[in-house]
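Peer 1: Here you go, this is final-v2.txt (compact mmCIF, N, CA, C and O atoms and all ligand atoms).
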```txt
# COMPACT_ATOMS: atom_id res chain seq x y z
N MET A 1 48.76 -26.46 26.70
CA MET A 1 49.94 -26.72 25.85
C MET A 1 50.82 -25.47 25.85
O MET A 1 50.30 -24.36 25.72
N PRO A 2 52.13 -25.63 26.00
CA PRO A 2 52.98 -24.44 25.94
C PRO A 2 52.94 -23.81 24.55
O PRO A 2 52.68 -24.50 23.56
N THR A 3 53.21 -22.50 24.50
CA THR A 3 53.11 -21.75 23.26
C THR A 3 53.94 -22.36 22.13
O THR A 3 53.51 -22.42 20.98
N SER A 4 55.15 -22.85 22.47
CA SER A 4 56.01 -23.41 21.43
C SER A 4 55.36 -24.64 20.80
O SER A 4 55.46 -24.86 19.59
N GLY A 5 54.68 -25.45 21.61
CA GLY A 5 53.99 -26.64 21.10
C GLY A 5 52.85 -26.25 20.17
O GLY A 5 52.67 -26.84 19.11
N VAL A 6 52.10 -25.23 20.58
CA VAL A 6 50.98 -24.75 19.77
C VAL A 6 51.48 -24.23 18.42
O VAL A 6 50.94 -24.55 17.37
N ARG A 7 52.56 -23.46 18.47
CA ARG A 7 53.14 -22.93 17.23
C ARG A 7 53.53 -24.06 16.29
O ARG A 7 53.27 -23.98 15.08
N ALA A 8 54.18 -25.09 16.85
CA ALA A 8 54.63 -26.22 16.02
C ALA A 8 53.43 -26.91 15.36
O ALA A 8 53.47 -27.24 14.17
N VAL A 9 52.35 -27.10 16.14
CA VAL A 9 51.15 -27.73 15.59
C VAL A 9 50.57 -26.88 14.47
O VAL A 9 50.24 -27.38 13.39
N LEU A 10 50.49 -25.56 14.72
CA LEU A 10 49.89 -24.66 13.73
C LEU A 10 50.76 -24.56 12.47
O LEU A 10 50.24 -24.53 11.36
N LEU A 11 52.08 -24.54 12.66
CA LEU A 11 52.97 -24.46 11.49
C LEU A 11 52.87 -25.74 10.66
O LEU A 11 52.90 -25.70 9.43
N GLY A 12 52.72 -26.89 11.35
CA GLY A 12 52.53 -28.16 10.64
C GLY A 12 51.23 -28.14 9.85
O GLY A 12 51.17 -28.55 8.70
N GLU A 13 50.20 -27.61 10.49
CA GLU A 13 48.89 -27.49 9.85
C GLU A 13 48.98 -26.56 8.64
O GLU A 13 48.38 -26.81 7.59
N ARG A 14 49.76 -25.50 8.79
CA ARG A 14 49.95 -24.53 7.71
C ARG A 14 50.62 -25.19 6.51
O ARG A 14 50.16 -25.02 5.38
N ASP A 15 51.68 -25.96 6.78
CA ASP A 15 52.39 -26.66 5.69
C ASP A 15 51.44 -27.61 4.95
O ASP A 15 51.43 -27.67 3.73
N ARG A 16 50.68 -28.39 5.75
CA ARG A 16 49.77 -29.35 5.14
C ARG A 16 48.71 -28.63 4.30
O ARG A 16 48.34 -29.08 3.22
N THR A 17 48.21 -27.50 4.82
CA THR A 17 47.16 -26.78 4.10
C THR A 17 47.69 -26.17 2.82
O THR A 17 47.03 -26.19 1.79
N ILE A 18 48.93 -25.64 2.86
CA ILE A 18 49.55 -25.08 1.65
C ILE A 18 49.71 -26.18 0.60
O ILE A 18 49.42 -25.97 -0.58
N ALA A 19 50.14 -27.37 1.04
CA ALA A 19 50.30 -28.50 0.12
C ALA A 19 48.94 -28.88 -0.48
O ALA A 19 48.84 -29.21 -1.67
N ARG A 20 47.90 -28.81 0.35
CA ARG A 20 46.57 -29.16 -0.11
C ARG A 20 46.07 -28.15 -1.14
O ARG A 20 45.48 -28.53 -2.16
N VAL A 21 46.31 -26.88 -0.88
CA VAL A 21 45.91 -25.84 -1.84
C VAL A 21 46.62 -26.07 -3.18
O VAL A 21 45.99 -26.00 -4.24
N ALA A 22 47.92 -26.40 -3.11
CA ALA A 22 48.68 -26.62 -4.34
C ALA A 22 48.14 -27.83 -5.10
O ALA A 22 47.96 -27.78 -6.33
N ALA A 23 47.86 -28.92 -4.37
CA ALA A 23 47.36 -30.14 -5.01
C ALA A 23 45.99 -29.89 -5.64
O ALA A 23 45.73 -30.32 -6.77
N LEU A 24 45.13 -29.18 -4.92
CA LEU A 24 43.78 -28.91 -5.43
C LEU A 24 43.83 -27.97 -6.63
O LEU A 24 43.06 -28.13 -7.57
N SER A 25 44.76 -27.00 -6.59
CA SER A 25 44.90 -26.09 -7.73
C SER A 25 45.31 -26.86 -8.98
O SER A 25 44.79 -26.61 -10.07
N ARG A 26 46.25 -27.81 -8.80
CA ARG A 26 46.67 -28.63 -9.94
C ARG A 26 45.50 -29.44 -10.47
O ARG A 26 45.30 -29.55 -11.67
N GLU A 27 44.74 -30.00 -9.53
CA GLU A 27 43.60 -30.82 -9.92
C GLU A 27 42.57 -29.97 -10.69
O GLU A 27 42.05 -30.38 -11.71
N PHE A 28 42.34 -28.77 -10.17
CA PHE A 28 41.38 -27.87 -10.80
C PHE A 28 41.83 -27.52 -12.22
O PHE A 28 41.06 -27.60 -13.16
N ASP A 29 43.12 -27.16 -12.36
CA ASP A 29 43.66 -26.84 -13.69
C ASP A 29 43.52 -28.03 -14.62
O ASP A 29 43.21 -27.87 -15.81
N GLY A 30 43.77 -29.24 -14.10
CA GLY A 30 43.65 -30.45 -14.90
C GLY A 30 42.24 -30.63 -15.41
O GLY A 30 42.02 -30.98 -16.57
N ILE A 31 41.26 -30.37 -14.55
CA ILE A 31 39.86 -30.53 -14.95
C ILE A 31 39.49 -29.50 -16.01
O ILE A 31 38.83 -29.80 -16.98
N VAL A 32 39.97 -28.26 -15.81
CA VAL A 32 39.67 -27.20 -16.77
C VAL A 32 40.28 -27.55 -18.13
O VAL A 32 39.62 -27.43 -19.16
N GLU A 33 41.52 -28.04 -18.11
CA GLU A 33 42.17 -28.44 -19.36
C GLU A 33 41.42 -29.57 -20.04
O GLU A 33 41.19 -29.53 -21.24
N ALA A 34 41.04 -30.58 -19.26
CA ALA A 34 40.31 -31.71 -19.81
C ALA A 34 39.01 -31.23 -20.44
O ALA A 34 38.63 -31.67 -21.53
N ALA A 35 38.34 -30.29 -19.75
CA ALA A 35 37.08 -29.77 -20.26
C ALA A 35 37.30 -29.05 -21.58
O ALA A 35 36.50 -29.17 -22.51
N ASP A 36 38.41 -28.30 -21.68
CA ASP A 36 38.72 -27.57 -22.91
C ASP A 36 38.98 -28.55 -24.06
O ASP A 36 38.55 -28.32 -25.19
N LEU A 37 39.69 -29.64 -23.74
CA LEU A 37 40.02 -30.63 -24.77
C LEU A 37 38.76 -31.29 -25.31
O LEU A 37 38.62 -31.49 -26.51
N VAL A 38 37.86 -31.63 -24.40
CA VAL A 38 36.65 -32.33 -24.82
C VAL A 38 35.66 -31.38 -25.48
O VAL A 38 34.89 -31.77 -26.35
N ALA A 39 35.72 -30.10 -25.07
CA ALA A 39 34.81 -29.07 -25.58
C ALA A 39 33.36 -29.54 -25.53
O ALA A 39 32.68 -29.67 -26.55
N THR A 40 32.94 -29.83 -24.33
CA THR A 40 31.63 -30.46 -24.16
C THR A 40 30.50 -29.45 -24.05
O THR A 40 30.71 -28.29 -23.76
N ASP A 41 29.34 -29.95 -24.26
CA ASP A 41 28.12 -29.20 -24.08
C ASP A 41 27.51 -29.66 -22.75
O ASP A 41 27.00 -30.76 -22.64
N ASP A 42 27.60 -28.80 -21.74
CA ASP A 42 27.18 -29.18 -20.39
C ASP A 42 25.75 -29.71 -20.31
O ASP A 42 25.45 -30.58 -19.52
N GLU A 43 24.89 -29.17 -21.13
CA GLU A 43 23.48 -29.51 -20.95
C GLU A 43 23.11 -30.86 -21.53
O GLU A 43 22.25 -31.55 -21.01
N HIS A 44 23.78 -31.24 -22.62
CA HIS A 44 23.35 -32.46 -23.30
C HIS A 44 24.33 -33.60 -23.18
O HIS A 44 23.96 -34.75 -23.26
N ASP A 45 25.60 -33.26 -22.98
CA ASP A 45 26.61 -34.31 -22.90
C ASP A 45 26.80 -34.74 -21.46
O ASP A 45 27.16 -33.94 -20.60
N PRO A 46 26.54 -36.04 -21.17
CA PRO A 46 26.68 -36.49 -19.78
C PRO A 46 28.09 -36.30 -19.23
O PRO A 46 28.26 -36.04 -18.05
N GLU A 47 29.09 -36.40 -20.10
CA GLU A 47 30.47 -36.22 -19.62
C GLU A 47 30.73 -34.77 -19.24
O GLU A 47 31.41 -34.48 -18.26
N GLY A 48 30.17 -33.86 -20.03
CA GLY A 48 30.30 -32.44 -19.72
C GLY A 48 29.71 -32.13 -18.37
O GLY A 48 30.25 -31.35 -17.58
N HIS A 49 28.62 -32.78 -18.07
CA HIS A 49 27.95 -32.62 -16.79
C HIS A 49 28.86 -33.04 -15.65
O HIS A 49 28.97 -32.37 -14.64
N THR A 50 29.50 -34.21 -15.83
CA THR A 50 30.39 -34.74 -14.80
C THR A 50 31.56 -33.80 -14.57
O THR A 50 31.94 -33.54 -13.42
N ILE A 51 32.13 -33.27 -15.66
CA ILE A 51 33.28 -32.37 -15.53
C ILE A 51 32.87 -31.10 -14.78
O ILE A 51 33.57 -30.65 -13.88
N ALA A 52 31.71 -30.56 -15.12
CA ALA A 52 31.23 -29.35 -14.44
C ALA A 52 31.05 -29.62 -12.95
O ALA A 52 31.40 -28.80 -12.11
N PHE A 53 30.52 -30.80 -12.64
CA PHE A 53 30.29 -31.18 -11.25
C PHE A 53 31.62 -31.32 -10.51
O PHE A 53 31.79 -30.79 -9.40
N GLU A 54 32.57 -32.02 -11.14
CA GLU A 54 33.89 -32.20 -10.53
C GLU A 54 34.56 -30.86 -10.28
O GLU A 54 35.18 -30.63 -9.24
N ARG A 55 34.43 -29.98 -11.26
CA ARG A 55 35.07 -28.68 -11.16
C ARG A 55 34.49 -27.90 -9.97
O ARG A 55 35.21 -27.27 -9.20
N GLN A 56 33.17 -27.99 -9.82
CA GLN A 56 32.51 -27.32 -8.70
C GLN A 56 33.00 -27.88 -7.36
O GLN A 56 33.22 -27.14 -6.42
N GLN A 57 33.11 -29.22 -7.33
CA GLN A 57 33.54 -29.87 -6.10
C GLN A 57 34.94 -29.45 -5.70
O GLN A 57 35.20 -29.10 -4.56
N VAL A 58 35.85 -29.48 -6.68
CA VAL A 58 37.23 -29.11 -6.40
C VAL A 58 37.32 -27.63 -6.02
O VAL A 58 38.05 -27.25 -5.11
N ALA A 59 36.52 -26.79 -6.71
CA ALA A 59 36.51 -25.36 -6.38
C ALA A 59 36.06 -25.16 -4.94
O ALA A 59 36.62 -24.33 -4.21
N GLY A 60 35.08 -25.93 -4.50
CA GLY A 60 34.60 -25.85 -3.12
C GLY A 60 35.67 -26.25 -2.12
O GLY A 60 35.88 -25.57 -1.12
N LEU A 61 36.37 -27.35 -2.43
CA LEU A 61 37.44 -27.82 -1.55
C LEU A 61 38.57 -26.80 -1.49
O LEU A 61 39.18 -26.57 -0.44
N LEU A 62 38.82 -26.18 -2.64
CA LEU A 62 39.89 -25.18 -2.73
C LEU A 62 39.54 -23.96 -1.87
O LEU A 62 40.39 -23.44 -1.14
N ARG A 63 38.29 -23.53 -1.93
CA ARG A 63 37.84 -22.41 -1.09
C ARG A 63 38.02 -22.75 0.39
O ARG A 63 38.47 -21.93 1.17
N GLU A 64 37.62 -23.98 0.76
CA GLU A 64 37.76 -24.42 2.16
C GLU A 64 39.22 -24.39 2.60
O GLU A 64 39.54 -23.95 3.69
N ALA A 65 40.10 -24.92 1.72
CA ALA A 65 41.52 -24.98 2.07
C ALA A 65 42.10 -23.57 2.22
O ALA A 65 42.88 -23.31 3.15
N HIS A 66 41.68 -22.64 1.35
CA HIS A 66 42.13 -21.25 1.46
C HIS A 66 41.65 -20.65 2.78
O HIS A 66 42.42 -19.97 3.47
N ALA A 67 40.39 -20.89 3.11
CA ALA A 67 39.82 -20.34 4.34
C ALA A 67 40.56 -20.89 5.55
O ALA A 67 40.82 -20.18 6.53
N ARG A 68 40.93 -22.16 5.47
CA ARG A 68 41.64 -22.80 6.57
C ARG A 68 43.03 -22.18 6.75
O ARG A 68 43.49 -21.95 7.86
N LEU A 69 43.66 -21.90 5.61
CA LEU A 69 44.98 -21.28 5.64
C LEU A 69 44.91 -19.92 6.33
O LEU A 69 45.75 -19.58 7.17
N VAL A 70 43.89 -19.14 5.99
CA VAL A 70 43.69 -17.84 6.63
C VAL A 70 43.47 -18.02 8.12
O VAL A 70 44.05 -17.31 8.95
N ALA A 71 42.65 -19.02 8.48
CA ALA A 71 42.34 -19.28 9.90
C ALA A 71 43.60 -19.68 10.67
O ALA A 71 43.80 -19.26 11.81
N VAL A 72 44.45 -20.49 10.02
CA VAL A 72 45.69 -20.92 10.68
C VAL A 72 46.62 -19.72 10.90
O VAL A 72 47.21 -19.57 11.97
N ASP A 73 46.71 -18.85 9.90
CA ASP A 73 47.55 -17.65 10.04
C ASP A 73 47.02 -16.77 11.17
O ASP A 73 47.81 -16.21 11.95
N LEU A 74 45.70 -16.63 11.25
CA LEU A 74 45.12 -15.82 12.32
C LEU A 74 45.40 -16.45 13.68
O LEU A 74 45.68 -15.75 14.66
N ALA A 75 45.35 -17.79 13.74
CA ALA A 75 45.63 -18.49 15.00
C ALA A 75 47.08 -18.23 15.42
O ALA A 75 47.36 -18.03 16.60
N LEU A 76 48.00 -18.22 14.45
CA LEU A 76 49.41 -17.94 14.75
C LEU A 76 49.56 -16.52 15.31
O LEU A 76 50.33 -16.29 16.24
N GLU A 77 48.79 -15.59 14.75
CA GLU A 77 48.81 -14.21 15.26
C GLU A 77 48.29 -14.17 16.70
O GLU A 77 48.82 -13.43 17.53
N ARG A 78 47.27 -14.99 16.98
CA ARG A 78 46.73 -15.01 18.34
C ARG A 78 47.73 -15.60 19.32
O ARG A 78 47.79 -15.18 20.48
N VAL A 79 48.52 -16.58 18.85
CA VAL A 79 49.58 -17.13 19.71
C VAL A 79 50.55 -16.01 20.09
O VAL A 79 50.88 -15.82 21.25
N ASP A 80 50.97 -15.24 19.07
CA ASP A 80 51.93 -14.14 19.30
C ASP A 80 51.33 -13.09 20.24
O ASP A 80 52.05 -12.48 21.04
N ALA A 81 50.03 -12.87 20.12
CA ALA A 81 49.37 -11.84 20.92
C ALA A 81 48.98 -12.36 22.30
O ALA A 81 48.46 -11.61 23.13
N GLY A 82 49.22 -13.66 22.55
CA GLY A 82 48.86 -14.24 23.85
C GLY A 82 47.38 -14.47 24.02
O GLY A 82 46.88 -14.58 25.13
N ARG A 83 46.65 -14.54 22.89
CA ARG A 83 45.20 -14.72 22.98
C ARG A 83 44.79 -16.11 22.50
O ARG A 83 43.60 -16.41 22.38
N TYR A 84 45.76 -16.96 22.17
CA TYR A 84 45.41 -18.27 21.63
C TYR A 84 44.65 -19.10 22.67
O TYR A 84 45.03 -19.12 23.84
N GLY A 85 43.60 -19.80 22.21
CA GLY A 85 42.84 -20.66 23.11
C GLY A 85 41.72 -19.92 23.84
O GLY A 85 40.99 -20.52 24.62
N THR A 86 41.59 -18.61 23.57
CA THR A 86 40.50 -17.83 24.15
C THR A 86 39.48 -17.54 23.06
O THR A 86 39.85 -17.10 21.98
N CYS A 87 38.22 -17.82 23.36
CA CYS A 87 37.16 -17.61 22.38
C CYS A 87 37.10 -16.14 22.00
O CYS A 87 37.04 -15.27 22.86
N GLU A 88 37.09 -15.87 20.68
CA GLU A 88 37.07 -14.49 20.19
C GLU A 88 35.74 -13.80 20.48
O GLU A 88 35.65 -12.59 20.44
N ILE A 89 34.70 -14.59 20.71
CA ILE A 89 33.37 -14.00 20.88
C ILE A 89 32.99 -13.86 22.35
O ILE A 89 32.67 -12.77 22.81
N CYS A 90 33.05 -14.96 23.11
CA CYS A 90 32.58 -14.88 24.49
C CYS A 90 33.74 -14.78 25.49
O CYS A 90 33.51 -14.49 26.67
N GLY A 91 34.97 -15.01 25.04
CA GLY A 91 36.12 -14.83 25.92
C GLY A 91 36.40 -16.01 26.84
O GLY A 91 37.30 -15.94 27.68
N CYS A 92 35.66 -17.10 26.68
CA CYS A 92 35.93 -18.28 27.52
C CYS A 92 37.16 -19.01 27.00
O CYS A 92 37.65 -18.70 25.92
N SER A 93 37.67 -19.96 27.78
CA SER A 93 38.78 -20.79 27.30
C SER A 93 38.22 -21.87 26.38
O SER A 93 37.30 -22.60 26.78
N ILE A 94 38.77 -21.98 25.19
CA ILE A 94 38.31 -23.01 24.26
C ILE A 94 38.78 -24.36 24.79
O ILE A 94 39.96 -24.52 25.11
N PRO A 95 37.85 -25.34 24.91
CA PRO A 95 38.25 -26.65 25.45
C PRO A 95 39.39 -27.27 24.65
O PRO A 95 39.44 -27.14 23.42
N THR A 96 40.29 -27.96 25.35
CA THR A 96 41.48 -28.49 24.68
C THR A 96 41.13 -29.56 23.64
O THR A 96 41.84 -29.69 22.65
N ASP A 97 40.02 -30.29 23.85
CA ASP A 97 39.69 -31.31 22.84
C ASP A 97 39.26 -30.65 21.54
O ASP A 97 39.50 -31.18 20.45
N ARG A 98 38.66 -29.47 21.64
CA ARG A 98 38.30 -28.74 20.41
C ARG A 98 39.58 -28.24 19.72
O ARG A 98 39.70 -28.33 18.50
N LEU A 99 40.51 -27.74 20.49
CA LEU A 99 41.76 -27.25 19.90
C LEU A 99 42.58 -28.40 19.31
O LEU A 99 43.30 -28.22 18.34
N ALA A 100 42.43 -29.59 19.92
CA ALA A 100 43.14 -30.75 19.38
C ALA A 100 42.57 -31.11 18.01
O ALA A 100 43.30 -31.46 17.08
N ALA A 101 41.24 -31.00 17.88
CA ALA A 101 40.59 -31.35 16.62
C ALA A 101 40.76 -30.24 15.58
O ALA A 101 40.93 -30.50 14.40
N ARG A 102 40.67 -28.99 16.04
CA ARG A 102 40.79 -27.83 15.14
C ARG A 102 41.73 -26.82 15.78
O ARG A 102 41.28 -25.87 16.42
N PRO A 103 43.03 -27.01 15.60
CA PRO A 103 43.99 -26.12 16.27
C PRO A 103 43.84 -24.66 15.87
O PRO A 103 44.28 -23.78 16.60
N GLU A 104 43.19 -24.40 14.73
CA GLU A 104 43.04 -23.01 14.27
C GLU A 104 41.76 -22.37 14.79
O GLU A 104 41.45 -21.21 14.46
N ALA A 105 40.98 -23.11 15.61
CA ALA A 105 39.69 -22.60 16.08
C ALA A 105 39.85 -21.28 16.82
O ALA A 105 40.72 -21.13 17.66
N ALA A 106 38.98 -20.30 16.47
CA ALA A 106 39.04 -18.98 17.09
C ALA A 106 37.92 -18.81 18.11
O ALA A 106 37.90 -17.83 18.85
N THR A 107 36.99 -19.76 18.13
CA THR A 107 35.85 -19.65 19.04
C THR A 107 35.57 -20.99 19.69
O THR A 107 36.01 -22.04 19.19
N CYS A 108 34.82 -20.96 20.81
CA CYS A 108 34.35 -22.20 21.41
C CYS A 108 33.22 -22.77 20.54
O CYS A 108 32.75 -22.09 19.61
N VAL A 109 32.79 -23.98 20.82
CA VAL A 109 31.79 -24.63 19.97
C VAL A 109 30.47 -23.85 19.93
O VAL A 109 29.96 -23.58 18.85
N PRO A 110 29.90 -23.43 21.09
CA PRO A 110 28.64 -22.70 21.02
C PRO A 110 28.74 -21.41 20.19
O PRO A 110 27.78 -21.04 19.50
N CYS A 111 29.88 -20.74 20.22
CA CYS A 111 30.04 -19.48 19.47
C CYS A 111 30.34 -19.72 18.00
O CYS A 111 30.25 -18.79 17.19
N ALA A 112 30.71 -20.96 17.64
CA ALA A 112 31.10 -21.24 16.26
C ALA A 112 29.91 -21.29 15.32
O ALA A 112 30.06 -21.21 14.11
N VAL A 113 28.71 -21.40 15.88
CA VAL A 113 27.50 -21.54 15.04
C VAL A 113 27.16 -20.23 14.35
O VAL A 113 27.23 -19.18 14.97
ZN ZN A 201 32.67 -18.60 22.96
```
Will you turn the file into structure tokens for me?
Ligand SMILES: [Zn+2]

Peer 2:
Amino acid sequence: MPTSGVRAVLLGERDRTIARVAALSREFDGIVEAADLVATDDEHDPEGHTIAFERQQVAGLLREAHARLVAVDLALERVDAGRYGTCEICGCSIPTDRLAARPEAATCVPCAV
């Protein structure tokens, strides 16, 4: 793929990820507010348990989305440096089907483990 195409894909991915971070942050704040309103006891109240679980889940998704945003930014830097599509660990060319699935990938599949 020409560099301009890769940049466009990564910038699109960046926009989507930023939107996802914003949506998840709102969701997280909503859960925290709801929890404050209910003032539940996590150990004995089944609803408190559910809220704690939801909060954990959203926090996990939020961490993933943040990590992805960092990975996309790093991929954009690699495009600028002319290193995009080269595995950061073994130096092989990352297969195009992997880049199609994960455009921000910095390593080939065997090195990703
Ligand atoms: Zn590799």

Peer 1: Out of A:Glu13, A:Asp97, A:Glu88, A:Glu104, which residue has the shortest atom-to-atom distance to ligand ZN 201 (chain A) when counting only N, CA, C and O atoms and all ligand atoms?

Peer 2: A:Glu88

Peer 1: Please write out the residues within 4.5 Å of ligand ZN 201 (chain A) as a ChimeraX atom specification, counting only N, CA, C and O atoms and all ligand atoms.

Peer 2: /A:90,108,111

Peer 1: Looking only at helix (DSSP H, G or I) from DSSP on the backbone, list the matching residues of chain A as an MDAnalysis selection string.

Peer 2: chainID A and resid 3:38 46:81 96:101 109:112

Peer 1: Quick one: distance from atom CA of Gly30 of chain A to atom CA of Arg63 of chain A in Å, one decimal?

Peer 2: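 Here the two named atoms are 17.0 Å from each other.
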
Peer 1: Could you tell me how far atom C of Ile94 of chain A lies from atom C of Asp15 of chain A, in Å and to one decimal?

Peer 2: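 For atom C of Ile94 of chain A relative to atom C of Asp15 of chain A, the distance reads 23.8 Å.
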
Peer 1: Any idea what the distance is between atom CA of Thr17 of chain A and atom CA of Ala65 of chain A?

Peer 2: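 The value is 6.3 Å.
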
Peer 1: Find the residues with any atom within 8 Å of (39.8, -24.8, 11.7); use only C-alpha atoms and the coordinates as given in the file, and write the answer as a PDB file with N, CA, C and O atoms, keeping the file's coordinate frame.

Peer 2:
```pdb
ATOM      1  N   ARG A  68      40.930 -22.160   5.470  1.00  0.00           N
ATOM      2  CA  ARG A  68      41.640 -22.800   6.570  1.00  0.00           C
ATOM      3  C   ARG A  68      43.030 -22.180   6.750  1.00  0.00           C
ATOM      4  O   ARG A  68      43.490 -21.950   7.860  1.00  0.00           O
ATOM      5  N   ALA A  71      42.650 -19.020   8.480  1.00  0.00           N
ATOM      6  CA  ALA A  71      42.340 -19.280   9.900  1.00  0.00           C
ATOM      7  C   ALA A  71      43.600 -19.680  10.670  1.00  0.00           C
ATOM      8  O   ALA A  71      43.800 -19.260  11.810  1.00  0.00           O
ATOM      9  N   VAL A  72      44.450 -20.490  10.020  1.00  0.00           N
ATOM     10  CA  VAL A  72      45.690 -20.920  10.680  1.00  0.00           C
ATOM     11  C   VAL A  72      46.620 -19.720  10.900  1.00  0.00           C
ATOM     12  O   VAL A  72      47.210 -19.570  11.970  1.00  0.00           O
ATOM     13  N   ARG A 102      40.670 -28.990  16.040  1.00  0.00           N
ATOM     14  CA  ARG A 102      40.790 -27.830  15.140  1.00  0.00           C
ATOM     15  C   ARG A 102      41.730 -26.820  15.780  1.00  0.00           C
ATOM     16  O   ARG A 102      41.280 -25.870  16.420  1.00  0.00           O
ATOM     17  N   PRO A 103      43.030 -27.010  15.600  1.00  0.00           N
ATOM     18  CA  PRO A 103      43.990 -26.120  16.270  1.00  0.00           C
ATOM     19  C   PRO A 103      43.840 -24.660  15.870  1.00  0.00           C
ATOM     20  O   PRO A 103      44.280 -23.780  16.600  1.00  0.00           O
ATOM     21  N   GLU A 104      43.190 -24.400  14.730  1.00  0.00           N
ATOM     22  CA  GLU A 104      43.040 -23.010  14.270  1.00  0.00           C
ATOM     23  C   GLU A 104      41.760 -22.370  14.790  1.00  0.00           C
ATOM     24  O   GLU A 104      41.450 -21.210  14.460  1.00  0.00           O
ATOM     25  N   ALA A 105      40.980 -23.110  15.610  1.00  0.00           N
ATOM     26  CA  ALA A 105      39.690 -22.600  16.080  1.00  0.00           C
ATOM     27  C   ALA A 105      39.850 -21.280  16.820  1.00  0.00           C
ATOM     28  O   ALA A 105      40.720 -21.130  17.660  1.00  0.00           O
ATOM     29  N   ALA A 106      38.980 -20.300  16.470  1.00  0.00           N
ATOM     30  CA  ALA A 106      39.040 -18.980  17.090  1.00  0.00           C
ATOM     31  C   ALA A 106      37.920 -18.810  18.110  1.00  0.00           C
ATOM     32  O   ALA A 106      37.900 -17.830  18.850  1.00  0.00           O
TER      33      ALA A 106
END
```

Peer 1: Ranking A:Ala112, A:Leu76, A:Pro95, A:Cys87 by minimum distance to Val9 of chain A and counting only C-alpha atoms, which one comes first?

Peer 2: A:Leu76

Peer 1: Taking only N, CA, C and O atoms into account, name the residue in A:Ala8, A:Ala101, A:Ile31, A:Ala23 that is nearest to Arg55 of chain A.

Peer 2: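 Checking each of A:Ala8, A:Ala101, A:Ile31, A:Ala23 against Arg55 of chain A, counting only N, CA, C and O atoms, the winner is A:Ile31.
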
Peer 1: Any chance you could work out the axis-aligned box around segment 49-66 of chain A, listed atoms only, 4 Å on each side, giving centre and edge lengths in Å to one decimal, as AutoDock Vina command-line options?

Peer 2:
```
--center_x 35.4 --center_y -27.4 --center_z -7.2 --size_x 22.9 --size_y 22.8 --size_z 29.8
```
